[in-house]
$ cat input26.txt   # compact mmCIF, C-alpha atoms
# COMPACT_ATOMS: atom_id res chain seq x y z
CA MET A 1 0.00 0.00 0.00
CA ASP A 2 1.28 3.44 -0.90
CA GLN A 3 1.52 5.41 2.38
CA ARG A 4 1.24 8.81 0.72
CA ASP A 5 -1.89 7.80 -1.17
CA PHE A 6 -3.41 6.29 1.99
CA ARG A 7 -2.70 9.55 3.80
CA ASN A 8 -4.47 11.42 0.98
CA CYS A 9 -7.46 9.11 1.40
CA MET A 10 -7.58 9.75 5.15
CA GLY A 11 -7.39 13.49 4.43
CA LYS A 12 -10.88 13.26 2.92
CA PHE A 13 -12.20 12.96 6.48
CA ALA A 14 -12.65 16.53 7.72
CA THR A 15 -11.65 17.09 11.35
CA GLY A 16 -11.37 19.83 13.89
CA VAL A 17 -8.00 21.02 15.16
CA THR A 18 -6.79 20.75 18.73
CA VAL A 19 -3.69 21.56 20.69
CA VAL A 20 -2.94 19.10 23.48
CA THR A 21 -1.07 20.55 26.45
CA CYS A 22 0.54 18.92 29.47
CA GLU A 23 2.87 19.84 32.29
CA ALA A 24 6.29 18.13 32.47
CA ASP A 25 9.76 19.08 33.68
CA GLY A 26 8.40 22.30 35.19
CA HIS A 27 7.12 23.55 31.80
CA THR A 28 3.95 23.48 29.74
CA HIS A 29 4.31 21.49 26.53
CA GLY A 30 1.89 21.42 23.62
CA PHE A 31 1.42 19.94 20.16
CA THR A 32 -1.17 20.21 17.40
CA VAL A 33 -3.47 17.20 16.96
CA ASN A 34 -6.33 16.53 14.59
CA SER A 35 -6.53 12.82 15.49
CA PHE A 36 -8.78 13.25 18.53
CA THR A 37 -12.15 11.72 19.35
CA SER A 38 -14.65 11.06 22.08
CA VAL A 39 -14.61 7.40 23.20
CA SER A 40 -17.16 6.98 26.00
CA LEU A 41 -19.74 8.94 27.98
CA GLU A 42 -19.68 6.60 31.01
CA PRO A 43 -17.00 6.96 32.09
CA PRO A 44 -16.21 10.08 30.04
CA LEU A 45 -13.18 9.15 27.91
CA VAL A 46 -11.39 10.76 24.96
CA LEU A 47 -8.59 9.52 22.67
CA VAL A 48 -5.56 11.40 21.35
CA SER A 49 -3.29 9.75 18.78
CA VAL A 50 0.38 10.81 19.09
CA ASP A 51 3.08 10.16 16.49
CA ARG A 52 5.94 8.10 17.95
CA ASN A 53 8.46 10.57 16.43
CA THR A 54 7.20 13.62 18.33
CA LYS A 55 8.97 15.10 21.34
CA ALA A 56 5.60 15.20 23.08
CA LEU A 57 5.29 11.42 23.28
CA GLU A 58 7.33 10.99 26.44
CA LYS A 59 5.69 14.04 28.04
CA MET A 60 2.26 12.40 27.60
CA ARG A 61 3.11 9.03 29.16
CA GLY A 62 1.24 8.64 32.46
CA ASN A 63 0.47 12.34 32.51
CA HIS A 64 -2.62 14.53 32.79
CA PHE A 65 -3.37 16.49 29.62
CA ILE A 66 -5.72 19.15 28.27
CA VAL A 67 -7.30 19.10 24.82
CA ASN A 68 -7.80 22.66 23.56
CA VAL A 69 -10.30 22.69 20.67
CA LEU A 70 -9.33 25.63 18.48
CA LYS A 71 -11.56 28.33 17.03
CA GLU A 72 -11.32 29.36 13.39
CA GLU A 73 -9.29 32.46 14.28
CA GLN A 74 -6.66 30.36 16.12
CA GLN A 75 -4.96 28.99 13.00
CA GLN A 76 -1.64 30.63 13.93
CA THR A 77 -1.81 28.87 17.30
CA ALA A 78 -2.18 25.52 15.50
CA ILE A 79 0.83 26.32 13.30
CA HIS A 80 2.85 27.42 16.35
CA PHE A 81 2.29 24.07 18.09
CA ALA A 82 2.86 22.12 14.87
CA GLY A 83 6.56 23.00 15.11
CA LYS A 84 6.62 26.35 13.32
CA PRO A 85 6.62 28.80 16.24
CA ASN A 86 6.23 32.53 15.72
CA GLU A 87 8.62 34.98 17.35
CA GLU A 88 5.62 36.57 19.02
CA SER A 89 3.23 34.13 20.68
CA PRO A 90 -0.14 33.91 18.84
CA PHE A 91 -1.95 32.80 22.04
CA GLU A 92 -2.21 33.41 25.78
CA TRP A 93 -2.08 30.83 28.55
CA GLU A 94 -4.70 30.59 31.27
CA THR A 95 -4.43 28.49 34.39
CA SER A 96 -7.01 25.86 35.27
CA GLU A 97 -7.19 22.98 37.74
CA GLY A 98 -5.61 20.72 35.10
CA GLY A 99 -2.71 23.01 34.21
CA GLN A 100 -2.06 25.63 31.55
CA ARG A 101 -4.49 25.80 28.67
CA ILE A 102 -4.94 28.03 25.63
CA LYS A 103 -7.11 31.03 26.41
CA ASP A 104 -10.21 31.64 24.27
CA SER A 105 -10.31 28.14 22.77
CA LEU A 106 -13.66 26.75 21.64
CA ALA A 107 -13.48 24.00 24.28
CA HIS A 108 -11.12 22.69 26.96
CA ILE A 109 -11.16 19.03 28.01
CA GLU A 110 -8.99 18.24 31.03
CA CYS A 111 -8.00 14.58 31.36
CA ALA A 112 -6.34 12.15 33.72
CA PRO A 113 -4.39 9.27 32.13
CA TRP A 114 -6.62 6.21 31.65
CA ALA A 115 -4.83 3.89 29.19
CA GLU A 116 -2.15 3.83 26.49
CA TYR A 117 -2.19 1.52 23.46
CA ASP A 118 0.11 0.65 20.59
CA GLY A 119 -1.20 2.25 17.42
CA GLY A 120 1.50 1.32 14.90
CA ASP A 121 3.55 4.44 14.22
CA HIS A 122 1.37 6.25 16.79
CA VAL A 123 0.52 5.75 20.46
CA LEU A 124 -3.13 6.03 21.45
CA PHE A 125 -3.69 7.84 24.74
CA ILE A 126 -7.06 7.49 26.42
CA GLY A 127 -7.86 10.18 28.96
CA GLU A 128 -10.61 10.23 31.55
CA VAL A 129 -12.31 13.61 31.45
CA GLU A 130 -12.09 15.33 34.84
CA ASN A 131 -13.26 18.77 33.79
CA TYR A 132 -14.40 20.57 30.64
CA ASP A 133 -15.84 23.82 29.43
CA TYR A 134 -16.77 25.29 26.08
CA ASP A 135 -17.60 28.57 24.40
CA GLU A 136 -19.42 29.80 21.32
CA GLY A 137 -17.62 30.29 18.02
CA GLU A 138 -16.67 28.62 14.78
CA PRO A 139 -14.25 25.66 14.87
CA LEU A 140 -10.95 25.53 13.01
CA GLY A 141 -11.21 22.74 10.46
CA TYR A 142 -8.67 20.57 8.67
CA TYR A 143 -9.35 18.90 5.32
CA CYS A 144 -7.05 17.44 2.66
CA GLY A 145 -3.90 18.72 4.38
CA GLN A 146 -5.18 22.29 4.71
CA PHE A 147 -6.94 24.39 7.30
CA SER A 148 -10.56 24.84 6.33
CA LYS A 149 -13.83 26.35 7.42
CA ILE A 150 -16.51 24.18 8.98
CA VAL A 151 -19.91 25.59 8.07
CA PRO A 152 -22.90 24.45 10.15
CA LYS A 153 -26.18 23.88 8.30
$ encode --input "input26.txt" --output "structure tokens"
Amino acid sequence: MDQRDFRNCMGKFATGVTVVTCEADGHTHGFTVNSFTSVSLEPPLVLVSVDRNTKALEKMRGNHFIVNVLKEEQQQTAIHFAGKPNEESPFEWETSEGGQRIKDSLAHIECAPWAEYDGGDHVLFIGEVENYDYDEGEPLGYYCGQFSKIVPK
């Protein structure tokens, strides 16, 4: 199977964009993720898929984390946490019970570690939701390798 072509096929599934943050080594770490989903309502569980080649992998192991669902106007924040940081920060931190999170995000989902699974070239982290909140706004979308607009009907 051609990996590039398979990736193109998977790109046909439109997603939202998140930045996952966690505290480790006395610092807040974050990385952009579009492979995120709800798993269960009872107990409340979510899944984040993390590439084995990212620096964030070891920071996530056995650690609490926060999923920050980005608004449409937070595209520069997504790019910043995708490894292309700006000289001037395109976001502000805010402190919550779960750690530092990205201010003005569409939603925040604060998680305790629940389970970790082998996912091939990724590791699947399941988090138990301990706290969440959400706001109004339009989500930042991702489709076919590009940021996109999600238009509600």
$ residues_near_point --input "input26.txt" --point "(-0.1, 28.6, 28.7)" --cutoff "7 Å" --atoms "only C-alpha atoms" --output "NGL selection string"
:A and (28 or 92-94 or 100-102)
$ write_last_selection --input "input26.txt" --atoms "C-alpha atoms" --output "mmCIF file, in the coordinates of the input"
data_model
loop_
_atom_site.group_PDB
_atom_site.id
_atom_site.type_symbol
_atom_site.label_atom_id
_atom_site.label_comp_id
_atom_site.auth_asym_id
_atom_site.auth_seq_id
_atom_site.Cartn_x
_atom_site.Cartn_y
_atom_site.Cartn_z
ATOM 1 C CA THR A 28 3.950 23.480 29.740
ATOM 2 C CA GLU A 92 -2.210 33.410 25.780
ATOM 3 C CA TRP A 93 -2.080 30.830 28.550
ATOM 4 C CA GLU A 94 -4.700 30.590 31.270
ATOM 5 C CA GLN A 100 -2.060 25.630 31.550
ATOM 6 C CA ARG A 101 -4.490 25.800 28.670
ATOM 7 C CA ILE A 102 -4.940 28.030 25.630
#
$ atom_distance --input "input26.txt" --atom1 "CA of Gly145 in chain A" --atom2 "CA of Met10 in chain A"
9.7 Å
$ atom_distance --input "input26.txt" --atom1 "CA of Val33 in chain A" --atom2 "CA of Val20 in chain A"
6.8 Å
$ axis_aligned_box --input "input26.txt" --around "range 13-22 of chain A" --padding-each-side "8 Å" --output "lines of an AutoDock Vina configuration file"
center_x = -6.1
center_y = 17.3
center_z = 18.0
size_x = 29.2
size_y = 24.6
size_z = 39.0
$ closest_residue --input "input26.txt" --among "A:Ile126, A:Cys144, A:Leu70, A:Val39" --to "Lys12 in chain A" --atoms "all atoms listed in the file"
A:Cys144
$ closest_residue --input "input26.txt" --among "A:Tyr134, A:Phe31, A:Phe13, A:Phe36" --to "Thr54 in chain A" --atoms "only C-alpha atoms"
A:Phe31
$ closest_residue --input "input26.txt" --among "A:Gln3, A:Ser38, A:Ser105, A:Asn63" --to "Val19 in chain A" --atoms "all atoms listed in the file"
A:Ser105
$ atom_distance --input "input26.txt" --atom1 "CA of Val48 in chain A" --atom2 "CA of Val123 in chain A"
8.3 Å
$ build_atoms --input "input26.txt" --residues "range 65-85 of chain A" --atoms "N, CA, C and O atoms" --output "compact mmCIF listing (two decimals), in the frame of the given file"
# COMPACT_ATOMS: atom_id res chain seq x y z
N PHE A 65 -3.48 15.64 30.80
CA PHE A 65 -3.37 16.49 29.62
C PHE A 65 -4.67 17.24 29.39
O PHE A 65 -5.72 16.88 29.93
N ILE A 66 -4.56 18.31 28.61
CA ILE A 66 -5.72 19.15 28.27
C ILE A 66 -5.83 19.21 26.75
O ILE A 66 -4.85 19.52 26.06
N VAL A 67 -7.02 18.93 26.24
CA VAL A 67 -7.30 19.10 24.82
C VAL A 67 -7.94 20.46 24.65
O VAL A 67 -8.97 20.75 25.25
N ASN A 68 -7.30 21.32 23.86
CA ASN A 68 -7.80 22.66 23.56
C ASN A 68 -8.35 22.64 22.13
O ASN A 68 -7.59 22.51 21.17
N VAL A 69 -9.67 22.69 21.99
CA VAL A 69 -10.30 22.69 20.67
C VAL A 69 -10.24 24.12 20.14
O VAL A 69 -10.76 25.05 20.78
N LEU A 70 -9.60 24.28 18.98
CA LEU A 70 -9.33 25.63 18.48
C LEU A 70 -10.49 26.23 17.69
O LEU A 70 -11.20 25.55 16.97
N LYS A 71 -10.61 27.55 17.83
CA LYS A 71 -11.56 28.33 17.03
C LYS A 71 -10.92 28.66 15.68
O LYS A 71 -9.69 28.65 15.54
N GLU A 72 -11.76 29.03 14.75
CA GLU A 72 -11.32 29.36 13.39
C GLU A 72 -10.21 30.41 13.38
O GLU A 72 -9.25 30.30 12.62
N GLU A 73 -10.29 31.38 14.26
CA GLU A 73 -9.29 32.46 14.28
C GLU A 73 -7.98 32.05 14.97
O GLU A 73 -7.06 32.85 15.08
N GLN A 74 -7.86 30.81 15.43
CA GLN A 74 -6.66 30.36 16.12
C GLN A 74 -5.73 29.53 15.22
O GLN A 74 -4.92 28.74 15.71
N GLN A 75 -5.80 29.73 13.93
CA GLN A 75 -4.96 28.99 13.00
C GLN A 75 -3.47 29.18 13.30
O GLN A 75 -2.69 28.23 13.24
N GLN A 76 -3.05 30.39 13.63
CA GLN A 76 -1.64 30.63 13.93
C GLN A 76 -1.20 29.87 15.19
O GLN A 76 -0.04 29.46 15.30
N THR A 77 -2.11 29.67 16.11
CA THR A 77 -1.81 28.87 17.30
C THR A 77 -1.55 27.42 16.89
O THR A 77 -0.60 26.79 17.37
N ALA A 78 -2.38 26.89 16.00
CA ALA A 78 -2.18 25.52 15.50
C ALA A 78 -0.82 25.38 14.82
O ALA A 78 -0.09 24.41 15.05
N ILE A 79 -0.46 26.35 14.01
CA ILE A 79 0.83 26.32 13.30
C ILE A 79 1.97 26.41 14.31
O ILE A 79 2.96 25.69 14.20
N HIS A 80 1.83 27.26 15.31
CA HIS A 80 2.85 27.42 16.35
C HIS A 80 3.15 26.07 17.02
O HIS A 80 4.31 25.69 17.18
N PHE A 81 2.11 25.34 17.39
CA PHE A 81 2.29 24.07 18.09
C PHE A 81 2.55 22.90 17.15
O PHE A 81 2.79 21.78 17.60
N ALA A 82 2.52 23.15 15.85
CA ALA A 82 2.86 22.12 14.87
C ALA A 82 4.35 22.17 14.53
O ALA A 82 4.81 21.51 13.60
N GLY A 83 5.11 22.96 15.30
CA GLY A 83 6.56 23.00 15.11
C GLY A 83 7.07 24.17 14.31
O GLY A 83 8.23 24.20 13.93
N LYS A 84 6.21 25.15 14.05
CA LYS A 84 6.62 26.35 13.32
C LYS A 84 6.29 27.58 14.17
O LYS A 84 5.43 28.38 13.82
N PRO A 85 6.97 27.71 15.31
CA PRO A 85 6.62 28.80 16.24
C PRO A 85 6.90 30.18 15.68
O PRO A 85 7.85 30.39 14.93
